[in-house]
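J.: Coordinates in protein_39.txt, compact mmCIF, C-alpha atoms, are listed below.
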# COMPACT_ATOMS: atom_id res chain seq x y z
CA MET O 251 -19.75 22.42 16.85
CA GLU O 252 -17.15 20.09 18.31
CA HIS O 253 -18.24 16.46 18.62
CA SER O 254 -16.59 13.91 20.90
CA LEU O 255 -15.03 10.73 19.54
CA PHE O 256 -13.58 7.97 21.69
CA VAL O 257 -10.90 6.02 19.83
CA TYR O 258 -10.05 2.60 21.23
CA VAL O 259 -6.77 1.13 20.02
CA THR O 260 -6.08 -2.59 20.47
CA GLY O 261 -2.83 -4.54 20.28
CA ALA O 262 -3.00 -5.47 16.59
CA GLY O 263 0.28 -5.08 14.72
CA VAL O 264 -1.29 -2.40 12.53
CA SER O 265 -1.76 -0.23 15.63
CA ARG O 266 1.76 1.05 14.84
CA THR O 267 0.16 3.02 12.00
CA VAL O 268 -2.66 4.66 13.98
CA ALA O 269 -0.94 7.99 14.71
CA PRO O 270 -1.97 9.52 11.34
CA LEU O 271 -5.55 8.38 12.00
CA LEU O 272 -5.61 10.18 15.34
CA ASP O 273 -4.03 13.29 13.80
CA GLY O 274 -6.59 13.19 10.97
CA LEU O 275 -9.50 12.94 13.39
CA VAL O 276 -8.22 15.92 15.35
CA ALA O 277 -7.83 17.83 12.05
CA GLN O 278 -11.46 16.98 11.21
CA GLY O 279 -12.49 18.85 14.35
CA TRP O 280 -13.32 15.92 16.63
CA ARG O 281 -12.66 16.18 20.37
CA VAL O 282 -10.65 12.94 20.52
CA TYR O 283 -10.36 10.75 23.61
CA THR O 284 -7.95 7.82 23.29
CA VAL O 285 -8.00 4.54 25.20
CA GLY O 286 -5.75 1.52 24.68
CA THR O 287 -6.15 -2.15 25.52
CA PRO O 288 -3.68 -3.82 27.90
CA ASN O 289 -1.98 -5.63 24.97
CA LEU O 290 -1.28 -2.40 23.09
CA GLU O 291 1.90 -1.84 25.08
CA MET O 292 3.31 -5.08 23.61
CA VAL O 293 3.15 -3.53 20.12
CA VAL O 294 3.88 0.17 20.43
CA PRO O 295 4.98 2.74 23.06
CA VAL O 296 1.51 3.60 24.34
CA ALA O 297 2.22 7.15 25.48
CA GLU O 298 3.69 8.10 22.09
CA LEU O 299 0.58 6.83 20.35
CA LEU O 300 -2.28 7.83 22.63
CA ASP O 301 -0.98 11.09 24.12
CA ARG O 302 -0.87 12.99 20.84
CA PRO O 303 -1.49 16.71 20.38
CA GLY O 304 -5.22 17.33 20.42
CA CYS O 305 -6.01 13.94 21.98
CA HIS O 306 -7.08 13.33 25.56
CA TRP O 307 -5.63 10.04 26.77
CA ILE O 308 -7.79 8.13 29.25
CA ARG O 309 -5.45 5.90 31.25
CA GLY O 310 -7.84 4.51 33.87
CA TYR O 311 -11.33 4.30 35.24
CA LYS O 312 -11.23 7.31 37.55
CA LEU O 313 -10.25 9.87 34.93
CA HIS O 314 -12.54 12.55 33.50
CA PRO O 315 -14.75 12.26 31.43
CA LEU O 316 -15.66 8.80 32.71
CA ASP O 317 -17.65 10.43 35.49
CA ILE O 318 -20.17 11.56 32.83
CA PHE O 319 -19.69 8.80 30.21
CA PRO O 320 -21.33 7.51 28.01
CA PHE O 321 -21.52 10.22 25.37
CA GLY O 322 -20.15 10.88 21.91
CA SER O 323 -19.24 8.49 19.13
CA MET O 324 -16.99 5.41 19.35
CA LEU O 325 -14.29 4.04 17.03
CA VAL O 326 -12.39 0.81 17.68
CA ALA O 327 -9.39 0.90 15.32
CA PRO O 328 -7.78 -1.51 14.94
CA CYS O 329 -10.00 -4.15 16.52
CA THR O 330 -8.37 -7.53 17.16
CA PHE O 331 -10.13 -10.91 17.10
CA ASN O 332 -10.07 -10.91 20.90
CA THR O 333 -11.68 -7.49 21.33
CA PHE O 334 -14.12 -8.01 18.43
CA ASN O 335 -15.47 -11.17 20.01
CA LYS O 336 -15.51 -9.77 23.52
CA LEU O 337 -17.65 -6.91 22.22
CA GLY O 338 -19.89 -9.31 20.30
CA ASN O 339 -20.46 -11.36 23.43
CA GLY O 340 -20.99 -8.48 25.83
CA ILE O 341 -17.77 -9.09 27.76
CA ALA O 342 -16.56 -5.97 29.56
CA ASP O 343 -13.36 -7.04 31.32
CA THR O 344 -11.03 -4.17 30.35
CA LEU O 345 -11.45 -0.41 30.25
CA VAL O 346 -11.89 -0.56 26.47
CA THR O 347 -14.47 -3.36 26.39
CA ALA O 348 -16.34 -1.87 29.36
CA MET O 349 -16.55 1.57 27.75
CA VAL O 350 -17.63 0.22 24.36
CA ALA O 351 -20.21 -2.10 25.99
CA ASP O 352 -21.57 0.90 27.89
CA ALA O 353 -21.73 2.94 24.69
CA ILE O 354 -23.49 0.15 22.76
CA GLY O 355 -26.00 -0.19 25.58
CA ALA O 356 -26.60 3.56 25.47
CA GLY O 357 -27.19 3.40 21.70
CA LEU O 358 -24.20 5.56 20.82
CA PRO O 359 -22.73 5.44 17.30
CA THR O 360 -20.04 2.76 17.29
CA PHE O 361 -17.64 2.06 14.42
CA ILE O 362 -15.35 -0.97 14.40
CA ALA O 363 -12.35 -1.47 12.08
CA PRO O 364 -11.31 -5.14 12.41
CA SER O 365 -7.74 -6.35 11.94
CA MET O 366 -6.77 -10.00 12.48
CA ASN O 367 -5.19 -12.89 10.64
CA PRO O 368 -7.22 -14.66 7.90
CA ALA O 369 -7.92 -17.79 9.95
CA LEU O 370 -9.36 -15.70 12.78
CA TRP O 371 -11.39 -13.63 10.29
CA ARG O 372 -12.91 -16.89 8.99
CA HIS O 373 -13.45 -18.26 12.53
CA PRO O 374 -17.16 -19.00 13.12
CA GLN O 375 -17.23 -16.79 16.22
CA THR O 376 -16.10 -13.76 14.19
CA GLY O 377 -19.13 -14.12 11.91
CA GLU O 378 -21.46 -14.55 14.89
CA SER O 379 -19.99 -11.51 16.63
CA ARG O 380 -20.25 -9.45 13.46
CA ARG O 381 -23.94 -10.30 13.02
CA ARG O 382 -24.64 -9.49 16.65
CA LEU O 383 -22.68 -6.22 16.62
CA GLU O 384 -24.42 -5.07 13.44
CA ALA O 385 -27.81 -6.00 14.91
CA TRP O 386 -26.94 -3.82 17.89
CA GLY O 387 -26.28 -0.89 15.54
CA CYS O 388 -22.47 -1.05 15.29
CA ARG O 389 -20.97 -0.19 11.92
CA ILE O 390 -18.17 -2.43 10.71
CA ILE O 391 -15.58 -0.65 8.56
CA GLU O 392 -14.53 -3.38 6.15
CA PRO O 393 -10.93 -4.53 6.51
CA GLN O 394 -8.54 -5.14 3.62
CA VAL O 395 -8.78 -8.89 3.00
CA SER O 396 -6.26 -11.01 1.10
CA PRO O 397 -5.24 -14.67 1.46
CA GLU O 398 -2.28 -13.56 3.61
CA ARG O 399 -3.77 -10.72 5.66
CA VAL O 400 -6.89 -9.15 7.05
CA ILE O 401 -5.86 -5.68 8.15
CA MET O 402 -7.69 -2.58 9.20
CA ALA O 403 -9.15 -0.46 6.41
CA PRO O 404 -6.82 2.25 5.10
CA ILE O 405 -6.58 5.35 7.30
CA GLU O 406 -8.14 7.45 4.51
CA THR O 407 -11.18 5.14 4.41
CA ILE O 408 -11.69 5.34 8.16
CA LEU O 409 -11.29 9.12 8.09
CA GLN O 410 -13.92 9.32 5.35
CA HIS O 411 -16.37 7.23 7.41
CA MET O 412 -15.81 9.48 10.40
CA ALA O 413 -16.11 12.69 8.36
CA ASP O 414 -19.41 11.43 6.90
CA HIS O 415 -20.63 10.55 10.38
CA GLN O 416 -19.56 13.93 11.74
CA ARG O 417 -21.54 15.68 8.97
CA SER O 418 -24.61 13.59 9.87
CA LEU O 419 -24.38 14.88 13.47
CA GLY O 420 -24.80 18.46 12.22
Let me see the file written as structure tokens.

T.:
Amino acid sequence: MEHSLFVYVTGAGVSRTVAPLLDGLVAQGWRVYTVGTPNLEMVVPVAELLDRPGCHWIRGYKLHPLDIFPFGSMLVAPCTFNTFNKLGNGIADTLVTAMVADAIGAGLPTFIAPSMNPALWRHPQTGESRRRLEAWGCRIIEPQVSPERVIMAPIETILQHMADHQRSLG
């Protein structure tokens, strides 16, 4: 059975490395829908990243399947400080934050892979948003943390989380 997965890609520098994640999700058998934040285009050619074989790129509000959304599972990877805290505060001012807010409200499985600089990771609002998102049922995929960087978990780790989740769906 094919399950739907919406992958939201933000403008973190590590978004340049997301293509293998998308390819891996397609290979796992997910029906992948991709959506990017407005800042993504400052980091990577959006069409090259989101319009991959096997992915269905949602470019705007009036595109299918938004007429029947929310459904499926959600993955925000990478998730910047800005998007993480918008989600944690219920702010829905872009297509990405609106769709994820809708999904959280509908109780859909939501996975978030943060990626931000260390000072922003330690920012008090990040901790508050994390507690709130987890209380709402979101699953945070732990980033790789060092004194110099806080970057999204390795692609293999995210793929394992999503494969485990897919198995749990039956």

J.: Find the residues near Leu325 in chain O: any atom within 12 Å, counting all atoms listed in the file, skip ones fewer than 5 places away on the same chain, and give them as a PyMOL selection string.

T.: chain O and resi 254-260+271-272+275+280+282-286+346-347+349-350+353-354+358-364+388-391+408-409+411-412+415

J.: Nearest residue to His373 in chain O out of O:Ile341, O:Asn332, O:Ser323, O:Leu419, using only C-alpha atoms?

T.: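 Counting only C-alpha atoms, the residue closest to His373 in chain O is O:Asn332.
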
J.: From the options O:Leu300, O:Ala262, O:Ile405, O:Leu316, which residue's atoms come nearest to Ser365 in chain O, counting only C-alpha atoms?

T.: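 For Ser365 in chain O, the nearest of the candidates is O:Ala262.
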
J.: When you look at Leu370 in chain O with a cut-off of 10 Å (counting only C-alpha atoms), what residues show up, excluding the ones that are within fewer than 3 positions of it in the same chain? I need them as a list of chain:residue names.

T.: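 Final neighbour list, sorted by chain and number: O:Thr330, O:Phe331, O:Asn332, O:Ser365, O:Met366, O:Asn367, O:His373, O:Pro374, O:Gln375, O:Thr376, O:Gly377, O:Val400.
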
J.: Go through O:Pro368, O:Gly338, O:Pro295, O:Gly420 one by one, measure the shortest atom-to-atom distance of each to Val395 in chain O using all atoms listed in the file, and give the residue with the smallest value.

T.: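 Result for the nearest residue to Val395 in chain O: O:Pro368.
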
J.: CA of Glu406 in chain O and CA of Gly274 in chain O, how far apart in Å?

T.: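 Going from CA of Gly274 in chain O over to CA of Glu406 in chain O covers 8.8 Å.
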
J.: Neighbouring residues of Gln394 in chain O were defined as those with any atom within 9 Å, considering all atoms listed in the file; residues of the same chain fewer than 4 positions away were excluded. Please report them as a VMD selection string.

T.: chain O and resid 365 399 to 404

J.: In Å, with one decimal, what is the gap from CA of Asp352 in chain O to CA of Arg372 in chain O?

T.: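 Computing the Euclidean distance for CA of Asp352 in chain O and CA of Arg372 in chain O yields 27.4 Å.
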
J.: CA of Gly261 in chain O and CA of Val293 in chain O are how many Å apart?

T.: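 Interatomic distance, CA of Gly261 in chain O to CA of Val293 in chain O: 6.1 Å.
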
J.: For a quick check of understanding, using all atoms listed in the file, which of O:Ala327, O:Glu378, O:Thr344, O:Ala277 has the smallest distance to Asn289 in chain O?

T.: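 Smallest separation from Asn289 in chain O among the options: O:Thr344.
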
J.: Ranking O:Pro328, O:Gly310, O:Pro393, O:Pro320 by minimum distance to Gly357 in chain O and counting only C-alpha atoms, which one comes first?

T.: O:Pro320
